>>> print(open('work-v2.txt').read())   # compact mmCIF, C-alpha atoms
# COMPACT_ATOMS: atom_id res chain seq x y z
CA MET V 1 0.00 0.00 0.00
CA PHE V 2 2.83 2.44 0.89
CA ARG V 3 4.41 1.56 -2.37
CA GLY V 4 1.40 3.00 -4.23
CA TYR V 5 1.55 6.32 -2.24
CA ARG V 6 5.22 6.64 -3.01
CA HIS V 7 4.54 6.48 -6.71
CA ILE V 8 1.85 9.15 -6.49
CA VAL V 9 4.16 11.57 -4.60
CA LEU V 10 6.93 11.04 -7.15
CA ALA V 11 4.57 11.81 -10.04
CA LEU V 12 3.36 15.07 -8.39
CA GLY V 13 6.97 16.21 -7.83
CA LEU V 14 7.86 15.66 -11.47
CA ILE V 15 4.86 17.72 -12.57
CA ALA V 16 5.90 20.67 -10.33
CA ILE V 17 9.47 20.71 -11.63
CA SER V 18 8.27 20.69 -15.23
CA SER V 19 6.03 23.70 -14.60
CA ALA V 20 8.89 25.73 -13.03
CA VAL V 21 11.19 25.09 -15.97
CA LEU V 22 8.55 26.24 -18.43
CA GLY V 23 7.98 29.48 -16.44
CA GLN V 24 11.67 30.49 -16.49
CA THR V 25 11.91 29.95 -20.19
CA ASP V 26 8.99 32.36 -20.80
CA GLU V 27 10.48 35.14 -18.58
CA GLN V 28 13.88 35.34 -20.44
CA PRO V 29 13.03 35.87 -24.06
CA GLN V 30 15.70 37.19 -26.34
CA GLU V 31 15.12 40.10 -28.69
CA PRO V 32 16.22 38.40 -31.87
CA GLN V 33 13.92 35.48 -31.08
CA ARG V 34 11.01 37.85 -30.48
CA LYS V 35 11.59 39.57 -33.81
CA THR V 36 11.77 36.24 -35.46
CA GLN V 37 8.65 35.12 -33.66
CA GLN V 38 6.92 38.35 -34.61
CA GLU V 39 7.94 37.78 -38.23
CA GLN V 40 7.14 34.06 -38.19
CA GLY V 41 4.17 34.17 -35.90
CA PRO V 42 3.56 32.25 -32.66
CA THR V 43 5.87 29.24 -32.00
CA GLN V 44 4.36 25.81 -31.44
CA ILE V 45 5.87 24.14 -28.38
CA ALA V 46 6.14 20.27 -28.70
CA PRO V 47 4.80 18.46 -25.67
CA ILE V 48 7.35 16.77 -23.50
CA PRO V 49 6.75 12.99 -23.14
CA LEU V 50 6.32 11.95 -19.57
CA PRO V 51 6.66 8.39 -18.32
CA ILE V 52 3.40 7.07 -16.99
CA GLU V 53 3.26 4.14 -14.73
CA ILE V 54 -0.04 2.45 -14.24
CA VAL V 55 -0.55 1.71 -10.64
CA GLU V 56 -2.54 -1.44 -9.98
CA ASP V 57 -3.14 -3.48 -6.94
CA GLU V 58 -1.47 -6.75 -6.24
CA ALA V 59 -4.47 -9.00 -7.03
CA THR V 60 -4.97 -7.37 -10.42
CA ALA V 61 -1.27 -7.71 -11.16
CA GLU V 62 -1.34 -11.35 -10.21
CA ALA V 63 -4.41 -11.96 -12.37
CA ARG V 64 -2.81 -10.17 -15.30
CA LYS V 65 0.39 -12.14 -14.92
CA ARG V 66 -1.58 -15.34 -14.70
CA HIS V 67 -3.53 -14.49 -17.87
CA GLU V 68 -0.31 -13.55 -19.64
CA ALA V 69 1.32 -16.80 -18.54
CA GLU V 70 -1.71 -18.79 -19.71
CA ALA V 71 -1.75 -16.93 -23.01
CA SER V 72 1.97 -17.53 -23.46
CA GLU V 73 1.50 -21.21 -22.61
CA ARG V 74 -1.38 -21.48 -25.11
CA GLU V 75 0.73 -19.84 -27.79
CA ILE V 76 3.57 -22.25 -27.03
CA LYS V 77 1.18 -25.19 -27.21
CA ASP V 78 -0.37 -23.86 -30.41
CA LEU V 79 3.08 -23.45 -31.89
CA ILE V 80 4.04 -26.96 -30.85
CA ALA V 81 0.74 -28.27 -32.30
CA GLN V 82 1.34 -26.37 -35.53
CA GLN V 83 4.86 -27.80 -35.73
CA GLY V 84 3.45 -31.27 -35.14
CA MET V 85 0.79 -30.72 -37.78
CA ASN V 86 3.45 -29.48 -40.19
CA THR V 87 5.60 -32.52 -39.49
CA ALA V 88 2.59 -34.80 -39.88
CA THR V 89 1.59 -33.07 -43.12
CA GLN V 90 5.10 -33.47 -44.52
CA ALA V 91 5.11 -37.11 -43.48
CA MET V 92 1.71 -37.63 -45.16
CA ASN V 93 2.97 -35.92 -48.30
CA ARG V 94 6.04 -38.14 -48.38
CA ALA V 95 3.86 -41.18 -47.73
CA THR V 96 1.48 -40.09 -50.51
CA GLU V 97 4.41 -39.69 -52.89
CA ARG V 98 5.71 -43.12 -51.95
CA MET V 99 2.21 -44.58 -52.35
CA ALA V 100 1.94 -43.00 -55.80
CA GLU V 101 5.33 -44.41 -56.74
CA TYR V 102 4.42 -47.84 -55.38
CA ALA V 103 1.08 -47.67 -57.19
CA PHE V 104 2.87 -46.81 -60.45
CA TRP V 105 5.29 -49.71 -60.15
CA SER V 106 2.46 -51.96 -58.97
CA THR V 107 0.52 -51.02 -62.10
CA ILE V 108 3.55 -51.81 -64.24
CA ILE V 109 4.02 -55.15 -62.50
CA VAL V 110 0.30 -55.98 -62.79
CA ALA V 111 0.36 -55.11 -66.50
CA PHE V 112 3.44 -57.27 -66.97
CA GLY V 113 1.80 -60.07 -64.98
CA THR V 114 -1.35 -59.73 -67.08
CA GLY V 115 0.76 -60.02 -70.21
CA LEU V 116 2.39 -63.14 -68.78
CA VAL V 117 -1.04 -64.57 -67.97
CA PHE V 118 -2.20 -63.97 -71.54
CA ALA V 119 1.03 -65.42 -72.86
CA SER V 120 0.59 -68.49 -70.63
CA LEU V 121 -3.01 -68.83 -71.84
CA ILE V 122 -1.84 -68.71 -75.44
CA LEU V 123 0.83 -71.29 -74.69
CA MET V 124 -1.73 -73.47 -72.90
CA TRP V 125 -4.07 -73.14 -75.89
CA GLY V 126 -1.25 -74.15 -78.21
CA ALA V 127 -0.32 -77.04 -75.92
CA ASN V 128 -3.95 -78.19 -75.83
CA ARG V 129 -4.16 -78.03 -79.61
CA ALA V 130 -0.93 -79.99 -79.86
CA ALA V 131 -2.27 -82.53 -77.35
CA VAL V 132 -5.55 -82.84 -79.28
CA THR V 133 -3.59 -83.24 -82.51
CA ALA V 134 -1.39 -85.88 -80.89
CA VAL V 135 -4.47 -87.71 -79.58
CA ASN V 136 -6.07 -87.59 -83.03
CA VAL V 137 -2.87 -88.88 -84.61
CA ILE V 138 -2.65 -91.70 -82.06
CA ARG V 139 -6.32 -92.52 -82.61
CA GLU V 140 -5.86 -92.57 -86.37
CA MET V 141 -2.78 -94.76 -85.99
CA ALA V 142 -4.70 -97.12 -83.73
CA GLN V 143 -7.60 -97.22 -86.17
CA ARG V 144 -5.25 -97.92 -89.04
CA GLU V 145 -3.62 -100.65 -87.00
CA LEU V 146 -6.88 -102.24 -85.91
CA ARG V 147 -9.29 -101.59 -88.77
CA ALA V 148 -10.37 -104.21 -91.29
CA TYR V 149 -8.22 -104.79 -94.36
CA VAL V 150 -10.00 -106.80 -97.08
CA ASN V 151 -8.07 -108.17 -100.01
CA PHE V 152 -8.22 -110.86 -102.70
CA THR V 153 -5.55 -113.41 -101.86
CA PHE V 154 -6.13 -116.49 -104.02
CA ILE V 155 -8.07 -117.70 -107.08
CA GLU V 156 -9.08 -121.36 -107.09
CA VAL V 157 -9.93 -123.27 -110.28
CA ILE V 158 -12.55 -126.00 -109.99
CA SER V 159 -13.26 -128.28 -112.94
CA ASP V 160 -16.90 -128.93 -113.78
CA VAL V 161 -17.04 -132.62 -114.81
CA ASP V 162 -19.73 -135.19 -115.43
CA GLN V 163 -21.09 -136.81 -112.30
CA MET V 164 -19.61 -140.26 -112.85
CA ARG V 165 -17.65 -142.69 -110.80
CA GLU V 166 -14.23 -141.43 -109.86
CA ASP V 167 -12.49 -144.51 -111.25
CA GLN V 168 -13.83 -143.87 -114.75
CA PRO V 169 -12.92 -141.16 -117.29
CA ARG V 170 -14.91 -137.93 -116.92
CA ASN V 171 -15.81 -135.29 -119.46
CA VAL V 172 -14.83 -131.72 -118.57
CA ARG V 173 -17.74 -129.33 -119.20
CA GLY V 174 -16.11 -126.16 -117.86
CA TYR V 175 -14.27 -124.45 -115.00
CA GLN V 176 -15.20 -122.34 -111.99
CA LEU V 177 -12.89 -119.52 -110.87
CA LYS V 178 -13.43 -118.83 -107.16
CA VAL V 179 -11.69 -115.88 -105.49
CA THR V 180 -10.70 -115.92 -101.83
CA VAL V 181 -11.58 -112.77 -99.85
CA GLU V 182 -9.54 -112.32 -96.66
CA ASN V 183 -9.82 -109.79 -93.84
CA ALA V 184 -6.28 -109.27 -92.55
CA GLY V 185 -7.32 -106.63 -89.97
CA ALA V 186 -7.98 -106.95 -86.26
CA THR V 187 -11.65 -105.86 -86.43
CA PRO V 188 -14.55 -107.13 -88.55
CA ALA V 189 -15.33 -105.84 -92.03
CA VAL V 190 -18.98 -104.81 -91.90
CA ASP V 191 -21.49 -104.96 -94.77
CA CYS V 192 -19.03 -106.53 -97.17
CA ASN V 193 -20.35 -106.98 -100.72
CA VAL V 194 -18.27 -108.88 -103.31
CA TYR V 195 -19.12 -108.97 -107.00
CA GLY V 196 -17.21 -109.53 -110.22
CA ASP V 197 -17.22 -110.17 -113.97
CA HIS V 198 -15.15 -111.69 -116.77
CA CYS V 199 -14.83 -110.91 -120.46
CA PHE V 200 -13.11 -112.16 -123.62
CA VAL V 201 -11.18 -109.93 -125.98
CA ASP V 202 -10.26 -110.95 -129.51
CA ALA V 203 -6.57 -111.69 -129.62
CA GLU V 204 -6.03 -110.12 -133.06
CA ASN V 205 -8.09 -106.96 -132.40
CA PHE V 206 -7.14 -106.35 -128.79
CA HIS V 207 -8.71 -103.54 -126.78
CA THR V 208 -8.97 -102.72 -123.12
CA PRO V 209 -11.44 -105.07 -121.47
CA VAL V 210 -14.70 -103.59 -120.24
CA PHE V 211 -16.37 -105.21 -117.22
CA ASN V 212 -19.97 -105.15 -116.16
CA GLN V 213 -19.84 -103.57 -112.68
CA THR V 214 -23.39 -104.45 -111.69
CA LYS V 215 -23.61 -105.53 -108.06
CA ASP V 216 -24.89 -109.04 -108.69
CA GLY V 217 -22.92 -110.72 -105.93
CA GLY V 218 -24.15 -112.79 -103.05
CA GLY V 219 -25.29 -109.84 -100.92
CA GLN V 220 -23.79 -108.14 -97.91
CA ALA V 221 -22.05 -110.02 -95.10
CA SER V 222 -19.51 -109.41 -92.35
CA ILE V 223 -16.02 -110.88 -92.39
CA GLY V 224 -14.38 -111.45 -89.03
CA PRO V 225 -10.77 -110.53 -88.28
CA HIS V 226 -8.23 -112.83 -89.93
CA SER V 227 -11.02 -114.71 -91.67
CA LYS V 228 -11.56 -115.84 -95.27
CA VAL V 229 -14.63 -116.24 -97.45
CA TYR V 230 -15.24 -117.01 -101.11
CA GLY V 231 -16.49 -114.44 -103.53
CA PRO V 232 -19.01 -115.22 -106.28
CA PRO V 233 -17.39 -117.62 -108.82
CA ARG V 234 -16.98 -116.94 -112.50
CA TYR V 235 -17.88 -119.87 -114.84
CA ILE V 236 -15.76 -120.57 -117.95
CA SER V 237 -17.14 -123.06 -120.46
CA ARG V 238 -14.98 -125.67 -122.16
CA ASP V 239 -15.36 -124.01 -125.55
CA ASP V 240 -14.26 -120.62 -124.19
CA ALA V 241 -11.31 -122.24 -122.47
CA GLN V 242 -10.42 -123.88 -125.78
CA ARG V 243 -10.41 -120.48 -127.54
CA VAL V 244 -8.03 -119.13 -124.89
CA LEU V 245 -5.85 -122.21 -125.20
CA GLU V 246 -5.62 -121.75 -128.99
CA LYS V 247 -4.82 -118.03 -128.43
CA LYS V 248 -7.83 -116.93 -130.38
CA ALA V 249 -9.11 -114.91 -127.44
CA ARG V 250 -7.79 -113.47 -124.22
CA LEU V 251 -9.63 -113.97 -120.93
CA PHE V 252 -9.84 -111.33 -118.14
CA VAL V 253 -11.53 -111.59 -114.75
CA TRP V 254 -12.38 -108.76 -112.33
CA TRP V 255 -13.65 -108.63 -108.73
CA ARG V 256 -14.55 -105.78 -106.40
CA ALA V 257 -15.30 -105.87 -102.64
CA GLU V 258 -16.96 -102.98 -100.80
CA TYR V 259 -17.09 -102.83 -96.98
CA ARG V 260 -16.92 -100.61 -93.90
CA ASP V 261 -14.84 -100.90 -90.73
CA VAL V 262 -16.25 -100.71 -87.20
CA PHE V 263 -15.00 -97.22 -86.38
CA ASN V 264 -17.41 -94.30 -86.40
CA ARG V 265 -17.58 -91.99 -89.39
CA SER V 266 -15.44 -94.35 -91.43
CA PRO V 267 -15.81 -93.98 -95.20
CA ASP V 268 -16.85 -96.84 -97.42
CA ARG V 269 -13.77 -98.84 -98.32
CA PHE V 270 -13.20 -101.12 -101.29
CA VAL V 271 -10.67 -103.34 -103.03
CA GLU V 272 -10.70 -103.84 -106.79
CA LYS V 273 -8.45 -106.09 -108.87
CA SER V 274 -8.35 -107.68 -112.30
CA TRP V 275 -6.27 -110.46 -113.90
CA GLU V 276 -5.59 -112.02 -117.24
CA VAL V 277 -6.14 -115.78 -117.24
CA LEU V 278 -3.69 -117.99 -119.15
CA ILE V 279 -4.60 -121.63 -119.87
CA PRO V 280 -1.56 -123.62 -120.98
CA THR V 281 -3.45 -126.96 -121.27
CA ASN V 282 -7.10 -127.84 -121.49
CA PRO V 283 -7.75 -131.58 -121.65
CA GLU V 284 -11.29 -132.43 -122.58
CA VAL V 285 -11.23 -135.69 -120.70
CA LEU V 286 -9.66 -136.23 -117.31
CA LYS V 287 -8.43 -139.73 -116.80
CA PRO V 288 -8.29 -141.18 -113.30
CA GLY V 289 -5.32 -139.64 -111.51
CA ASP V 290 -4.80 -136.80 -114.01
CA PRO V 291 -4.21 -133.38 -112.38
CA LEU V 292 -6.42 -130.41 -113.05
CA PRO V 293 -5.34 -128.15 -115.90
CA SER V 294 -2.99 -125.44 -114.73
CA PHE V 295 -4.26 -121.87 -114.92
CA ARG V 296 -2.06 -118.79 -114.56
CA PHE V 297 -3.27 -115.39 -113.40
CA ILE V 298 -1.37 -112.21 -114.24
CA ALA V 299 -2.39 -108.89 -112.66
CA PHE V 300 -3.79 -106.55 -115.27
CA GLY V 301 -5.26 -103.06 -115.14
CA ARG V 302 -6.35 -101.38 -111.93
CA GLN V 303 -5.20 -102.84 -108.63
CA THR V 304 -6.94 -100.58 -106.06
CA LEU V 305 -6.86 -101.09 -102.31
CA ASN V 306 -8.61 -98.48 -100.13
>>> encode(input="work-v2.txt", output="structure tokens")
Amino acid sequence: MFRGYRHIVLALGLIAISSAVLGQTDEQPQEPQRKTQQEQGPTQIAPIPLPIEIVEDEATAEARKRHEAEASEREIKDLIAQQGMNTATQAMNRATERMAEYAFWSTIIVAFGTGLVFASLILMWGANRAAVTAVNVIREMAQRELRAYVNFTFIEVISDVDQMREDQPRNVRGYQLKVTVENAGATPAVDCNVYGDHCFVDAENFHTPVFNQTKDGGGQASIGPHSKVYGPPRYISRDDAQRVLEKKARLFVWWRAEYRDVFNRSPDRFVEKSWEVLIPTNPEVLKPGDPLPSFRFIAFGRQTLN
């Protein structure tokens, strides 16, 4: 409390001294200054700054200091928070940049991986096609190995003689030519139809023989694997055989066999062959113990095996 009174007394003393100094200055004017002042007019005196001290009680001072301390603390905390936010923002920016970079490289890697996936799919497609092709080739090889193969393997000559006792001479009326049809495959030949023809061509005016290809055989039948059957025979009379023997005519025989194998979607297969028949001897009468006349068959014309 006494401290406040002391300040008031000091302020009043300073005011009194200032007033005395101003009074003395007004009482001692100089003549030249007056003339100058009269010429220039009244002089403006600048106010003298005086220190002012605000006197406040102790409670108010304590409250003010407390508010100032709290304000300073808040500013410090705000500054620290702003620094933390700045640091966090910089860290987020760096993280965002890294994420963008990682995303870019991830996109590149994903695109490359997608290309590899497509490439692997193309390779798998090619491998599947190759596998299917290999399976088809193996299946075709197996079918070729196992399918039916029909062919004409042998021609048998049977003499047509009178029905007499075997110990007596017999007259030869003609000959039968019977062809043997064999299936050399491992599966049956289905719906096999065998038919044939024979023709004579004048020996002096020879021309290519023409066969009647009418299907007048014995009908359709199946031939088992590694089995043989006879095709329809061709009958040669004794007079015709005599013409061939005397080389007045040439004899040709022809057979054709059509069939299918057991595999699905198999095309119709066939075998077609023709021969020229040579008769070196043609006895009209066979004595007991005489052999059959020998016939020779020479392949002629088309020899087709499908």
>>> closest_residue(input="work-v2.txt", among="V:Met99, V:Ile138, V:Val253, V:Met124", to="Val201 (chain V)", atoms="all atoms listed in the file")
V:Val253
>>> atom_distance(input="work-v2.txt", atom1="CA of Glu182 (chain V)", atom2="CA of Thr304 (chain V)")
15.3 Å
>>> atom_distance(input="work-v2.txt", atom1="CA of Lys77 (chain V)", atom2="CA of Arg64 (chain V)")
19.6 Å
>>> atom_distance(input="work-v2.txt", atom1="CA of Trp275 (chain V)", atom2="CA of Asn151 (chain V)")
14.2 Å
>>> closest_residue(input="work-v2.txt", among="V:Val150, V:Ala221, V:Val277, V:Ile122", to="Ala257 (chain V)", atoms="only C-alpha atoms")
V:Val150
>>> axis_aligned_box(input="work-v2.txt", around="region 183-192 of chain V", padding_each_side="4 Å", output="AutoDock Vina command-line options")
--center_x -13.9 --center_y -107.3 --center_z -91.7 --size_x 23.2 --size_y 13.0 --size_z 18.9
>>> closest_residue(input="work-v2.txt", among="V:Ser294, V:Gly224, V:Thr208, V:Tyr149", to="Phe270 (chain V)", atoms="all atoms listed in the file")
V:Tyr149
>>> closest_atom_pairs(input="work-v2.txt", of="region 201-250 of chain V", to="region 139-148 of chain V", cutoff="10 Å", atoms="all atoms listed in the file", output="Markdown table")
| residue | atom | partner | partner_atom | distance |
| --- | --- | --- | --- | --- |
| V:Ile223 | CA | V:Ala148 | CA | 8.8 |
| V:Gly224 | CA | V:Ala148 | CA | 8.6 |
| V:Pro225 | CA | V:Ala148 | CA | 7.0 |
| V:His226 | CA | V:Ala148 | CA | 9.0 |
>>> residues_around(input="work-v2.txt", residues="Tyr235 (chain V)", least_positions_apart="6", cutoff="8 Å", atoms="only C-alpha atoms", output="list in words")
Gly174, Tyr175, Gln176 and Leu177 of chain V
>>> residues_around(input="work-v2.txt", residues="Arg302 (chain V)", least_positions_apart="2", cutoff="8 Å", atoms="all atoms listed in the file", output="NGL selection string")
:V and (272-274 or 300 or 304)
>>> residues_near_point(input="work-v2.txt", point="(-5.8, -116.5, -116.9)", cutoff="6 Å", atoms="only C-alpha atoms", output="ChimeraX atom specification")
/V:276-278,295-297
